[in-house]
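Notes follow once the structure below has been shown.
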Amino acid sequence: MEKAVNEGEHREVRDDASAGPADATGGAWSGSWVAERLGVELAGDGRLTGLLGLALRRNPKRAHLLVSNVLGKHVPQSPSVVYGYGVELGRRVRDLLGDDEARRAVVLGYAETATGLGHSVADGLGLAPYLHSTRRPVAGVAQAGGFEESHSHATSHLLLPEDRALLTGDGPLVLVDDEFSTGNTVLNTVRDLHGRYPRRRYVVVALVDMRSAADAGRLEEFAREIGARVDLVAAASGTVRLPEGVLEKGQELVARYEAEHAPNSGVAVEADQEGDSSGARGTARQAPTGPQPDYDRIDLYWPADLPDGARHGFTPSHRARLEAALPAMAARIAEALPHHARRVHILGFEELMYAPLRLARELERTTGIEVRYSTT
C-alpha cells in the first residue's frame, strides 16, 4: 500500500504485489491466546494477520500489544524473511522516488525496534546513506536533532550523525518504523527536523499502517501546514477492533496470569513506563537462576573502521565493504558450531540489530542449518 499527501492533495495507490516473501509467515506465532481471551480483532488486508500477532500488556491505558512476526524482535524468525521484508519495502521506495531522487535521499530508522528494519530498507533502496536514532548520548558527538516518542518506554530520541550533511541536504527523507499507529512519532520527527533542515519531500515506511481515519487526517493536515509532500509505503494496513471493557478484562487477565506464575503458558506480558513506575520493559517470566552454559568467543575479523550499525551513519561505501566481508565472517561462525548443529539462534541486542541479522542471513544462505534470528 502506498499513500501520498502532496502539498494538500491526498492520493492512495494500492499495490497488490507481495511486500515480502510469499511464504514468510507460514507457521508464525499468531497471538491467538490473547485475541481469544480479550476479544481483540485485527482487521485489515490479506497480509495483516500474517504479519502481526497480539500480546498482553501491563498498562493502565492499553490492554494489548501488537507484535510483528517478521521484524525479528519478539518472535524469532528466519533472517531471510526479516531482511526480505525490509529490502522489498526499500525497493518500493526507490520505485516511488526514481533513481535521481533516491541518490539524494537519506534513510532514518527509529531506535531501538526499527534500527535493523531501517537498515534493510536502505539496502533495498540501494543508493542512499542510513542513520538511526539512539537513546544513548555519545561523548564527543554533537546532537544534530531529536524528538519524542510519547508512547514508548523510553521517550527521547537523539540524532548523532558523524557527518551532519546527512541531515542538512534537501533530498527526500525516508522515515522507517515497524508500525505506524497514531503517527505521533513521525509528526514529532518531521516537526523537529523540518524546523532545522526543511525538505520538500518525506517518505514514511512501515511494516503495518494501523492508523485510524482521524490519525490519517492529521498527517494530511500537517503536510499541508509545512508545504511538503509526504508519501506512505507499508506492507499491510488495518485496524484493531476493541470490544467494550477490554481494558478491565486485560488487567484481570494480567493479574490472574502473574498470580499463577505460569512460565509455560505461552502468553507474553509486557510492562512499560505508563504501567510500571520503574519503567521496566519485559515479560512476566523470571530469568533462569540455574547454572549458565559455557560459551565460546569468535573473532569475526570485522573490517577495520567499518561501523557495526548506523548510530553515526552508514554509507553506500560502508555497505559495499560489509557485503564483501560477510561470507568469510559467516564461515567463521559455521566453523565454530558443533558438527551436529542443525538449528542456530542468532540474537541481536537492543540497537545492534542489523549486523547480527546480516550474519544470520549469510549463515542461513551458505549452510544447511535452520537459522532463526531475534533481538532483545
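By order in the C-alpha cells, chains are A, B, ...; within a chain, residues start at 1; ligands start at 1, following the order shown.
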
Problem - Residues within 8 Å of Gln251 in chain A, only C-alpha atoms, excluding chain neighbours under 4 positions, as a VMD selection string - result: chain A and resid 58 to 60 63 247 255

Next, write the just-selected residues to a file, as a CSV table (one decimal), in the first residue's frame, keeping C-alpha atoms as the atom set.
```csv
chain,number,residue,atom,x,y,z
A,58,ARG,CA,0.5,-4.5,31.7
A,59,ASN,CA,-0.6,-0.9,31.1
A,60,PRO,CA,-3.4,1.2,32.6
A,63,ALA,CA,-4.6,-4.0,27.2
A,247,LEU,CA,-9.0,-2.7,29.4
A,255,ALA,CA,-3.3,-10.3,37.4
```

Practice task
For Ala216 in chain A, work out the shell of residues within 9 Å, counting only C-alpha atoms and skipping chain neighbours fewer than 4 positions away, then give it as number ranges by chain.
Solution key: A: 182-183, 211-212, 220-221

Please produce an output containing N, CA and C atoms for each residue in the selection, written as a tab-separated table (two decimals), in the first residue's frame.
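Here's the written file part-v5.tsv:
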```tsv
chain	number	residue	atom	x	y	z
A	182	THR	N	-0.48	5.83	15.61
A	182	THR	CA	-1.12	7.14	15.68
A	182	THR	C	-0.47	8.14	14.74
A	183	GLY	N	0.80	7.91	14.41
A	183	GLY	CA	1.54	8.87	13.60
A	183	GLY	C	2.25	9.93	14.42
A	211	ARG	N	-3.23	3.16	11.47
A	211	ARG	CA	-3.85	4.42	11.88
A	211	ARG	C	-5.37	4.39	11.71
A	212	SER	N	-6.02	5.16	12.55
A	212	SER	CA	-7.44	5.41	12.37
A	212	SER	C	-7.61	6.47	11.29
A	220	GLU	N	-2.23	14.34	6.88
A	220	GLU	CA	-2.55	15.15	5.70
A	220	GLU	C	-2.53	16.64	6.05
A	221	GLU	N	-3.14	16.97	7.18
A	221	GLU	CA	-3.18	18.38	7.59
A	221	GLU	C	-1.78	18.91	7.86
```

Practice task
Within 9 Å of Thr366 in chain A, counting only C-alpha atoms, which residues show up once you throw out same-chain ones fewer than 4 positions away? Write them as JSON, numbers by chain, please.
Solution key: {"A": [327, 330, 331, 361, 362]}

May I have the residues from that selection written out with C-alpha atoms, as a PDB file, in the first residue's frame?
```pdb
ATOM      1  CA  PRO A 327      30.879 -14.636   3.562  1.00  0.00           C
ATOM      2  CA  ALA A 330      29.653 -16.250   8.453  1.00  0.00           C
ATOM      3  CA  ALA A 331      32.091 -19.058   7.605  1.00  0.00           C
ATOM      4  CA  ARG A 361      21.105 -14.447   6.836  1.00  0.00           C
ATOM      5  CA  GLU A 362      24.535 -15.271   5.414  1.00  0.00           C
TER       6      GLU A 362
END
```

Exercise for the section: Give me every alpha helix (DSSP H) residue in range 156-223 of chain A, going by DSSP on the backbone, as a list in words. Expected result: Ala165, Leu166, Leu167, Thr168, Asn184, Thr185, Val186, Leu187, Asn188, Thr189, Val190, Arg191, Asp192, Leu193, His194, Gly195, Arg196, Ala213, Ala214, Asp215, Ala216, Gly217, Arg218, Leu219, Glu220, Glu221, Phe222 and Ala223 of chain A

Please dump the current selection as a PDB file, in the first residue's frame; keep N, CA and C atoms.
```pdb
ATOM      1  N   ALA A 165      25.929  16.491   7.310  1.00  0.00           N
ATOM      2  CA  ALA A 165      25.369  16.638   5.969  1.00  0.00           C
ATOM      3  C   ALA A 165      24.291  15.596   5.690  1.00  0.00           C
ATOM      4  N   LEU A 166      24.284  14.503   6.463  1.00  0.00           N
ATOM      5  CA  LEU A 166      23.221  13.513   6.303  1.00  0.00           C
ATOM      6  C   LEU A 166      21.848  14.137   6.530  1.00  0.00           C
ATOM      7  N   LEU A 167      21.788  15.156   7.376  1.00  0.00           N
ATOM      8  CA  LEU A 167      20.503  15.765   7.709  1.00  0.00           C
ATOM      9  C   LEU A 167      20.302  17.146   7.098  1.00  0.00           C
ATOM     10  N   THR A 168      21.353  17.750   6.583  1.00  0.00           N
ATOM     11  CA  THR A 168      21.230  19.125   6.101  1.00  0.00           C
ATOM     12  C   THR A 168      20.894  19.223   4.619  1.00  0.00           C
ATOM     13  N   ASN A 184       2.107   9.886  15.752  1.00  0.00           N
ATOM     14  CA  ASN A 184       2.696  10.930  16.589  1.00  0.00           C
ATOM     15  C   ASN A 184       4.216  10.987  16.473  1.00  0.00           C
ATOM     16  N   THR A 185       4.861   9.821  16.449  1.00  0.00           N
ATOM     17  CA  THR A 185       6.319   9.806  16.385  1.00  0.00           C
ATOM     18  C   THR A 185       6.816  10.440  15.099  1.00  0.00           C
ATOM     19  N   VAL A 186       6.187  10.101  13.981  1.00  0.00           N
ATOM     20  CA  VAL A 186       6.591  10.679  12.701  1.00  0.00           C
ATOM     21  C   VAL A 186       6.349  12.183  12.690  1.00  0.00           C
ATOM     22  N   LEU A 187       5.204  12.616  13.199  1.00  0.00           N
ATOM     23  CA  LEU A 187       4.919  14.052  13.244  1.00  0.00           C
ATOM     24  C   LEU A 187       5.959  14.786  14.088  1.00  0.00           C
ATOM     25  N   ASN A 188       6.315  14.211  15.234  1.00  0.00           N
ATOM     26  CA  ASN A 188       7.317  14.844  16.091  1.00  0.00           C
ATOM     27  C   ASN A 188       8.674  14.914  15.399  1.00  0.00           C
ATOM     28  N   THR A 189       9.024  13.846  14.676  1.00  0.00           N
ATOM     29  CA  THR A 189      10.306  13.819  13.973  1.00  0.00           C
ATOM     30  C   THR A 189      10.357  14.876  12.884  1.00  0.00           C
ATOM     31  N   VAL A 190       9.339  14.874  12.036  1.00  0.00           N
ATOM     32  CA  VAL A 190       9.332  15.814  10.915  1.00  0.00           C
ATOM     33  C   VAL A 190       9.255  17.249  11.423  1.00  0.00           C
ATOM     34  N   ARG A 191       8.482  17.470  12.467  1.00  0.00           N
ATOM     35  CA  ARG A 191       8.367  18.827  13.018  1.00  0.00           C
ATOM     36  C   ARG A 191       9.733  19.334  13.476  1.00  0.00           C
ATOM     37  N   ASP A 192      10.492  18.473  14.169  1.00  0.00           N
ATOM     38  CA  ASP A 192      11.814  18.883  14.648  1.00  0.00           C
ATOM     39  C   ASP A 192      12.780  19.098  13.488  1.00  0.00           C
ATOM     40  N   LEU A 193      12.851  18.128  12.579  1.00  0.00           N
ATOM     41  CA  LEU A 193      13.842  18.211  11.511  1.00  0.00           C
ATOM     42  C   LEU A 193      13.477  19.247  10.460  1.00  0.00           C
ATOM     43  N   HIS A 194      12.184  19.393  10.183  1.00  0.00           N
ATOM     44  CA  HIS A 194      11.784  20.376   9.173  1.00  0.00           C
ATOM     45  C   HIS A 194      12.075  21.795   9.664  1.00  0.00           C
ATOM     46  N   GLY A 195      11.974  22.001  10.972  1.00  0.00           N
ATOM     47  CA  GLY A 195      12.315  23.307  11.518  1.00  0.00           C
ATOM     48  C   GLY A 195      13.795  23.619  11.394  1.00  0.00           C
ATOM     49  N   ARG A 196      14.637  22.577  11.417  1.00  0.00           N
ATOM     50  CA  ARG A 196      16.083  22.770  11.324  1.00  0.00           C
ATOM     51  C   ARG A 196      16.576  22.680   9.879  1.00  0.00           C
ATOM     52  N   ALA A 213      -8.848   6.655  10.836  1.00  0.00           N
ATOM     53  CA  ALA A 213      -9.114   7.683   9.826  1.00  0.00           C
ATOM     54  C   ALA A 213      -8.746   9.065  10.353  1.00  0.00           C
ATOM     55  N   ALA A 214      -9.005   9.304  11.638  1.00  0.00           N
ATOM     56  CA  ALA A 214      -8.683  10.604  12.224  1.00  0.00           C
ATOM     57  C   ALA A 214      -7.179  10.846  12.236  1.00  0.00           C
ATOM     58  N   ASP A 215      -6.409   9.806  12.584  1.00  0.00           N
ATOM     59  CA  ASP A 215      -4.954   9.955  12.603  1.00  0.00           C
ATOM     60  C   ASP A 215      -4.404  10.162  11.197  1.00  0.00           C
ATOM     61  N   ALA A 216      -4.989   9.483  10.218  1.00  0.00           N
ATOM     62  CA  ALA A 216      -4.568   9.697   8.831  1.00  0.00           C
ATOM     63  C   ALA A 216      -4.821  11.142   8.415  1.00  0.00           C
ATOM     64  N   GLY A 217      -5.925  11.695   8.858  1.00  0.00           N
ATOM     65  CA  GLY A 217      -6.237  13.083   8.542  1.00  0.00           C
ATOM     66  C   GLY A 217      -5.254  14.062   9.157  1.00  0.00           C
ATOM     67  N   ARG A 218      -4.727  13.729  10.339  1.00  0.00           N
ATOM     68  CA  ARG A 218      -3.749  14.602  10.980  1.00  0.00           C
ATOM     69  C   ARG A 218      -2.475  14.698  10.158  1.00  0.00           C
ATOM     70  N   LEU A 219      -2.046  13.593   9.557  1.00  0.00           N
ATOM     71  CA  LEU A 219      -0.842  13.617   8.729  1.00  0.00           C
ATOM     72  C   LEU A 219      -1.065  14.467   7.483  1.00  0.00           C
ATOM     73  N   GLU A 220      -2.231  14.339   6.882  1.00  0.00           N
ATOM     74  CA  GLU A 220      -2.552  15.150   5.704  1.00  0.00           C
ATOM     75  C   GLU A 220      -2.533  16.641   6.051  1.00  0.00           C
ATOM     76  N   GLU A 221      -3.141  16.974   7.177  1.00  0.00           N
ATOM     77  CA  GLU A 221      -3.184  18.375   7.591  1.00  0.00           C
ATOM     78  C   GLU A 221      -1.782  18.909   7.864  1.00  0.00           C
ATOM     79  N   PHE A 222      -0.941  18.086   8.491  1.00  0.00           N
ATOM     80  CA  PHE A 222       0.421  18.507   8.804  1.00  0.00           C
ATOM     81  C   PHE A 222       1.226  18.735   7.525  1.00  0.00           C
ATOM     82  N   ALA A 223       1.054  17.863   6.538  1.00  0.00           N
ATOM     83  CA  ALA A 223       1.766  18.034   5.270  1.00  0.00           C
ATOM     84  C   ALA A 223       1.384  19.350   4.603  1.00  0.00           C
TER      85      ALA A 223
END
```

Practice task
Write out as a ChimeraX atom specification the residues lying within 8 Å of Thr315 in chain A, counting only C-alpha atoms and excluding same-chain residues fewer than 5 positions away.
Solution key: /A:128-130

Practice task
Please provide the set of residues having any atom within 9 Å of Arg332 in chain A, restricted to only C-alpha atoms, with same-chain residues fewer than 5 positions apart removed, written as a ChimeraX atom specification.
Solution key: /A:298-300,327,337

Problem - Selection: 12 Å around Arg37 in chain A, only C-alpha atoms, excl. self and same-chain fewer than 6 positions, as a PyMOL selection string - result: chain A and resi 31+54-56+63-64+242-243+246-247+249-254+267

May I have the residues from that selection written out with C-alpha atoms, as a tab-separated table (two decimals), in the first residue's frame?
```
chain	number	residue	atom	x	y	z
A	31	GLY	CA	-1.02	-14.34	19.39
A	54	LEU	CA	-1.21	-9.91	19.81
A	55	ALA	CA	0.39	-9.93	23.24
A	56	LEU	CA	-0.90	-8.93	26.65
A	63	ALA	CA	-4.63	-4.00	27.22
A	64	HIS	CA	-2.87	-5.29	24.11
A	242	LEU	CA	-11.51	-3.44	20.69
A	243	PRO	CA	-14.62	-4.73	22.47
A	246	VAL	CA	-11.27	-4.72	27.05
A	247	LEU	CA	-9.01	-2.71	29.35
A	249	LYS	CA	-10.55	-7.61	31.06
A	250	GLY	CA	-6.88	-7.27	30.16
A	251	GLN	CA	-5.95	-6.09	33.64
A	252	GLU	CA	-7.79	-9.04	35.17
A	253	LEU	CA	-6.02	-11.44	32.80
A	254	VAL	CA	-2.60	-10.00	33.69
A	267	VAL	CA	1.49	-15.62	26.74
```
